[in-house]
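Trainee: One structure coming up, written as structure tokens, with questions to follow.
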Amino acid sequence: MTQLQTITLGGGCFWCTEAVFVRVRGISDVESGYSNGQVNRPSYEDVCTGRTGSNEVVKLTYDPAEITLGEILEIFFVVHDATTLNRQGNDAGTQYRSGIYYSTPEQKQVAVDMIRQMSQDKVFDQPIVTEVLPLANYWPAEAYHQDFFEKNPNQGYCVAVAGPKVAKFRKTFASRVKD
């Protein structure tokens, strides 16, 4: 039996990132949280000030026999803008930065190699600003943030921002959508 692995990704608002990755075949758990800041156990209110250094992230638990980290990162780079520093759309601040937070040297290497190749291939018109760092100071987000899109599909932000990201994922990666 394959051992499950985790990777933590910052792709802007965690509601959007979570809404995509809960639908990916091979990913068994998605938890919204905060990471890589200077404050232990930050709250949403703390993170929103922009003074904690924490990033809104999703921690993904996946089965490498079903989906590779490379495939996860391919989805990640399609559903968010990896070229805007501290911003995703109208969401601005360090808590919305693009980040890959690894827990093994192998994960770091996959991420670094993918970014290097995408940069060489000029996949984007602008440079990739995604930070690749070891996971630090992870803390789960409050319960009301977990499964936010599923519980609030008609909320304005979900309709305007999360919904289109989910639709883009479904269209671009139809073979990876959970049944």
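By convention here, the chains of the structure tokens are called A, B, ... in the order presented, each chain's residues are numbered starting at 1, and ligands are numbered starting at 1 in the order presented.
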Based on the backbone DSSP call, show me all residues of chain A assigned strand (DSSP E or B), as a ChimeraX atom specification.

Mentor: /A:5-11,24,27-35,55-62,87-88,91-92,98-102,131-134,139-140,177

Trainee: Take the residues from that selection and write them out as a short mmCIF file (atom, residue, chain, number, x, y, z; two decimals), in the first residue's frame, keeping N, CA and C atoms.

Mentor:
```cif
data_model
loop_
_atom_site.label_atom_id
_atom_site.label_comp_id
_atom_site.auth_asym_id
_atom_site.auth_seq_id
_atom_site.Cartn_x
_atom_site.Cartn_y
_atom_site.Cartn_z
N GLN A 5 0.97 11.26 1.15
CA GLN A 5 1.88 12.38 1.34
C GLN A 5 1.06 13.66 1.47
N THR A 6 1.70 14.71 1.96
CA THR A 6 1.05 16.02 2.02
C THR A 6 1.94 17.06 1.34
N ILE A 7 1.27 18.03 0.75
CA ILE A 7 1.92 19.22 0.20
C ILE A 7 1.01 20.39 0.53
N THR A 8 1.59 21.54 0.79
CA THR A 8 0.80 22.71 1.15
C THR A 8 1.03 23.79 0.10
N LEU A 9 -0.09 24.35 -0.39
CA LEU A 9 -0.04 25.30 -1.49
C LEU A 9 -0.75 26.59 -1.15
N GLY A 10 -0.15 27.71 -1.52
CA GLY A 10 -0.77 29.02 -1.40
C GLY A 10 -1.07 29.54 -2.80
N GLY A 11 -2.35 29.67 -3.10
CA GLY A 11 -2.75 30.12 -4.43
C GLY A 11 -3.77 31.22 -4.37
N VAL A 24 -10.20 16.85 -7.01
CA VAL A 24 -9.13 16.18 -7.73
C VAL A 24 -9.01 14.73 -7.28
N ILE A 27 -6.56 13.02 -4.42
CA ILE A 27 -6.40 13.84 -3.21
C ILE A 27 -7.51 13.44 -2.24
N SER A 28 -7.10 12.99 -1.06
CA SER A 28 -8.08 12.46 -0.09
C SER A 28 -8.51 13.47 0.95
N ASP A 29 -7.72 14.51 1.16
CA ASP A 29 -8.11 15.51 2.16
C ASP A 29 -7.53 16.87 1.76
N VAL A 30 -8.34 17.90 1.99
CA VAL A 30 -7.91 19.28 1.73
C VAL A 30 -8.30 20.08 2.96
N GLU A 31 -7.32 20.73 3.57
CA GLU A 31 -7.57 21.54 4.76
C GLU A 31 -7.06 22.95 4.52
N SER A 32 -7.94 23.93 4.71
CA SER A 32 -7.53 25.33 4.63
C SER A 32 -6.79 25.70 5.91
N GLY A 33 -5.77 26.53 5.75
CA GLY A 33 -4.99 26.94 6.92
C GLY A 33 -4.11 28.13 6.61
N TYR A 34 -3.17 28.36 7.51
CA TYR A 34 -2.23 29.47 7.41
C TYR A 34 -0.83 28.91 7.60
N SER A 35 0.14 29.43 6.86
CA SER A 35 1.50 28.94 7.04
C SER A 35 2.53 30.01 6.71
N ASN A 55 0.44 33.01 5.16
CA ASN A 55 -0.18 32.87 3.86
C ASN A 55 -1.43 32.01 4.01
N GLU A 56 -2.51 32.34 3.28
CA GLU A 56 -3.67 31.46 3.20
C GLU A 56 -3.29 30.29 2.31
N VAL A 57 -3.40 29.08 2.84
CA VAL A 57 -2.94 27.89 2.12
C VAL A 57 -3.96 26.76 2.23
N VAL A 58 -3.73 25.74 1.42
CA VAL A 58 -4.45 24.48 1.58
C VAL A 58 -3.42 23.37 1.75
N LYS A 59 -3.65 22.52 2.74
CA LYS A 59 -2.79 21.35 2.94
C LYS A 59 -3.49 20.17 2.27
N LEU A 60 -2.82 19.58 1.29
CA LEU A 60 -3.39 18.49 0.52
C LEU A 60 -2.79 17.17 0.97
N THR A 61 -3.63 16.18 1.21
CA THR A 61 -3.17 14.82 1.45
C THR A 61 -3.49 14.03 0.19
N TYR A 62 -2.47 13.39 -0.38
CA TYR A 62 -2.67 12.71 -1.65
C TYR A 62 -1.97 11.36 -1.68
N ARG A 87 -0.70 38.87 -4.62
CA ARG A 87 -2.01 39.24 -5.17
C ARG A 87 -2.57 38.08 -5.99
N GLN A 88 -3.89 37.94 -5.91
CA GLN A 88 -4.66 37.09 -6.82
C GLN A 88 -5.90 37.87 -7.16
N ASP A 91 -7.74 40.31 -4.67
CA ASP A 91 -7.22 40.01 -3.33
C ASP A 91 -5.75 40.39 -3.29
N ALA A 92 -5.41 41.39 -2.48
CA ALA A 92 -4.03 41.85 -2.40
C ALA A 92 -3.53 41.77 -0.97
N SER A 98 1.67 33.45 -3.93
CA SER A 98 1.80 32.13 -4.52
C SER A 98 2.93 31.40 -3.83
N GLY A 99 2.64 30.19 -3.32
CA GLY A 99 3.67 29.45 -2.61
C GLY A 99 3.48 27.95 -2.65
N ILE A 100 4.59 27.26 -2.67
CA ILE A 100 4.62 25.80 -2.54
C ILE A 100 5.45 25.52 -1.30
N TYR A 101 4.82 24.87 -0.31
CA TYR A 101 5.48 24.63 0.97
C TYR A 101 5.65 23.11 1.13
N TYR A 102 6.86 22.67 1.00
CA TYR A 102 7.16 21.25 0.93
C TYR A 102 7.52 20.68 2.29
N GLU A 131 6.89 31.28 -4.36
CA GLU A 131 7.97 30.91 -3.45
C GLU A 131 7.91 29.41 -3.18
N VAL A 132 9.08 28.81 -3.04
CA VAL A 132 9.21 27.38 -2.72
C VAL A 132 10.02 27.30 -1.44
N LEU A 133 9.32 26.95 -0.36
CA LEU A 133 9.94 26.96 0.97
C LEU A 133 9.48 25.75 1.78
N PRO A 134 10.26 25.37 2.79
CA PRO A 134 9.78 24.32 3.68
C PRO A 134 8.54 24.82 4.43
N TRP A 139 -1.02 26.27 10.63
CA TRP A 139 -2.12 26.23 11.58
C TRP A 139 -3.43 26.13 10.80
N PRO A 140 -4.32 25.18 11.15
CA PRO A 140 -5.59 25.07 10.42
C PRO A 140 -6.44 26.34 10.57
N VAL A 177 -10.95 14.81 -12.56
CA VAL A 177 -12.10 15.13 -11.70
C VAL A 177 -12.60 13.87 -11.02
#
```

Trainee: I'd like the contact shell of stretch 142-149 of chain A - 9 Å cut-off, only C-alpha atoms, skipping same-chain residues fewer than 4 positions apart - returned as a PDB file with N, CA and C atoms, in the first residue's frame.

Mentor:
```pdb
ATOM      1  N   PHE A  14      -7.877  30.876   0.187  1.00  0.00           N
ATOM      2  CA  PHE A  14      -7.966  29.424   0.333  1.00  0.00           C
ATOM      3  C   PHE A  14      -9.326  28.865  -0.034  1.00  0.00           C
ATOM      4  N   TRP A  15     -10.383  29.676  -0.030  1.00  0.00           N
ATOM      5  CA  TRP A  15     -11.692  29.176  -0.463  1.00  0.00           C
ATOM      6  C   TRP A  15     -11.622  28.673  -1.896  1.00  0.00           C
ATOM      7  N   CYS A  16     -10.949  29.435  -2.756  1.00  0.00           N
ATOM      8  CA  CYS A  16     -10.846  29.071  -4.177  1.00  0.00           C
ATOM      9  C   CYS A  16      -9.963  27.854  -4.378  1.00  0.00           C
ATOM     10  N   GLU A  18      -9.113  25.528  -2.231  1.00  0.00           N
ATOM     11  CA  GLU A  18      -9.764  24.353  -1.667  1.00  0.00           C
ATOM     12  C   GLU A  18     -10.865  23.844  -2.590  1.00  0.00           C
ATOM     13  N   ALA A  19     -11.673  24.767  -3.146  1.00  0.00           N
ATOM     14  CA  ALA A  19     -12.795  24.386  -4.011  1.00  0.00           C
ATOM     15  C   ALA A  19     -12.332  23.573  -5.206  1.00  0.00           C
ATOM     16  N   VAL A  22     -10.520  19.816  -3.737  1.00  0.00           N
ATOM     17  CA  VAL A  22     -11.413  18.776  -3.197  1.00  0.00           C
ATOM     18  C   VAL A  22     -11.995  17.928  -4.322  1.00  0.00           C
ATOM     19  N   VAL A  30      -8.336  17.901   1.985  1.00  0.00           N
ATOM     20  CA  VAL A  30      -7.912  19.275   1.734  1.00  0.00           C
ATOM     21  C   VAL A  30      -8.296  20.083   2.962  1.00  0.00           C
ATOM     22  N   GLU A  31      -7.316  20.730   3.574  1.00  0.00           N
ATOM     23  CA  GLU A  31      -7.573  21.541   4.763  1.00  0.00           C
ATOM     24  C   GLU A  31      -7.064  22.950   4.524  1.00  0.00           C
ATOM     25  N   SER A  32      -7.945  23.926   4.709  1.00  0.00           N
ATOM     26  CA  SER A  32      -7.529  25.327   4.629  1.00  0.00           C
ATOM     27  C   SER A  32      -6.787  25.703   5.906  1.00  0.00           C
ATOM     28  N   GLY A  33      -5.766  26.535   5.752  1.00  0.00           N
ATOM     29  CA  GLY A  33      -4.995  26.944   6.920  1.00  0.00           C
ATOM     30  C   GLY A  33      -4.106  28.129   6.612  1.00  0.00           C
ATOM     31  N   SER A  43      -5.119  33.777  13.841  1.00  0.00           N
ATOM     32  CA  SER A  43      -6.542  33.727  13.487  1.00  0.00           C
ATOM     33  C   SER A  43      -6.718  34.374  12.113  1.00  0.00           C
ATOM     34  N   TYR A  44      -7.885  34.197  11.527  1.00  0.00           N
ATOM     35  CA  TYR A  44      -8.190  34.821  10.245  1.00  0.00           C
ATOM     36  C   TYR A  44      -8.046  36.333  10.356  1.00  0.00           C
ATOM     37  N   PRO A 153     -22.187  28.023  -1.918  1.00  0.00           N
ATOM     38  CA  PRO A 153     -21.965  28.162  -3.359  1.00  0.00           C
ATOM     39  C   PRO A 153     -22.569  29.433  -3.956  1.00  0.00           C
ATOM     40  N   ASN A 154     -23.563  30.016  -3.295  1.00  0.00           N
ATOM     41  CA  ASN A 154     -24.218  31.215  -3.827  1.00  0.00           C
ATOM     42  C   ASN A 154     -23.695  32.509  -3.223  1.00  0.00           C
ATOM     43  N   GLN A 155     -22.699  32.414  -2.329  1.00  0.00           N
ATOM     44  CA  GLN A 155     -22.085  33.602  -1.751  1.00  0.00           C
ATOM     45  C   GLN A 155     -21.366  34.341  -2.880  1.00  0.00           C
ATOM     46  N   CYS A 158     -17.837  33.375  -3.947  1.00  0.00           N
ATOM     47  CA  CYS A 158     -17.818  32.018  -4.504  1.00  0.00           C
ATOM     48  C   CYS A 158     -18.337  32.013  -5.937  1.00  0.00           C
ATOM     49  N   ALA A 162     -14.453  31.790  -7.016  1.00  0.00           N
ATOM     50  CA  ALA A 162     -14.194  30.353  -6.827  1.00  0.00           C
ATOM     51  C   ALA A 162     -14.860  29.515  -7.907  1.00  0.00           C
ATOM     52  N   GLY A 163     -16.105  29.815  -8.227  1.00  0.00           N
ATOM     53  CA  GLY A 163     -16.840  29.048  -9.233  1.00  0.00           C
ATOM     54  C   GLY A 163     -16.127  28.981 -10.571  1.00  0.00           C
TER      55      GLY A 163
END
```

Trainee: Leaving out A:Gly26 and any residue of its chain fewer than 5 positions from it, which residues lie within 7 Å of it when counting only C-alpha atoms, given as a ChimeraX atom specification?

Mentor: /A:62-63,66-67

Trainee: Go through A:Arg41, A:Lys178, A:Lys151, A:His80 and flag the residue nearest A:Ile128, using only C-alpha atoms for the distances.

Mentor: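 Closest to A:Ile128, using only C-alpha atoms: A:His80.
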
Trainee: For each of A:Ser175, A:Thr17, A:Thr2, A:Thr52, take the minimum atom-to-atom distance to A:Asn137, counting only C-alpha atoms, then give the residue where this is smallest.

Mentor: A:Thr52

Trainee: List every residue of stretch 8-59 of chain A that DSSP, applied to the backbone of this structure, assigns to alpha helix (DSSP H), and report them as a list in words.

Mentor: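 Matching residues, listed in order: Phe14, Trp15, Cys16, Thr17, Glu18, Ala19, Val20, Phe21, Tyr44, Glu45, Asp46, Val47 and Cys48 of chain A.
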
Trainee: Which of these residues is nearest to A:Gln126, using only C-alpha atoms: A:Ala167, A:Val110, A:Ala82, A:Val159?

Mentor: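 Once distances to A:Gln126 are computed over only C-alpha atoms, the minimum belongs to A:Ala82.
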
Trainee: Could you pull the residues within 8 Å of A:Thr94, counting only C-alpha atoms, minus those fewer than 3 positions along the same chain, as a tab-separated table (two decimals) with N, CA and C atoms, in the first residue's frame?

Mentor:
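Wrote it out as around-v5.tsv, contents follow:
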```
chain	number	residue	atom	x	y	z
A	50	GLY	N	-2.29	41.48	7.49
A	50	GLY	CA	-1.08	41.48	6.68
A	50	GLY	C	0.19	41.59	7.51
A	53	GLY	N	2.66	37.77	8.36
A	53	GLY	CA	3.49	37.08	7.38
A	53	GLY	C	2.89	35.75	6.93
A	54	SER	N	1.76	35.36	7.53
A	54	SER	CA	1.13	34.09	7.18
A	54	SER	C	0.48	34.15	5.81
A	55	ASN	N	0.44	33.01	5.16
A	55	ASN	CA	-0.18	32.87	3.86
A	55	ASN	C	-1.43	32.01	4.01
A	86	ASN	N	2.08	38.79	-4.23
A	86	ASN	CA	1.18	39.16	-3.12
A	86	ASN	C	-0.20	39.57	-3.62
A	87	ARG	N	-0.70	38.87	-4.62
A	87	ARG	CA	-2.01	39.24	-5.17
A	87	ARG	C	-2.57	38.08	-5.99
A	97	ARG	N	-0.09	35.37	-1.42
A	97	ARG	CA	1.05	35.09	-2.30
A	97	ARG	C	1.02	33.64	-2.80
```

Trainee: Provide the atom CA of A:Gln107 to atom CA of A:Thr68 distance in Å, to one decimal place.

Mentor: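 It comes out at 10.3 Å.
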
Trainee: Restricting the calculation to only C-alpha atoms: of A:Val79, A:Cys13, A:Val39, A:Ala136, which residue gets closest to A:Phe173?

Mentor: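 Under the stated criterion, the closest residue is A:Val79.
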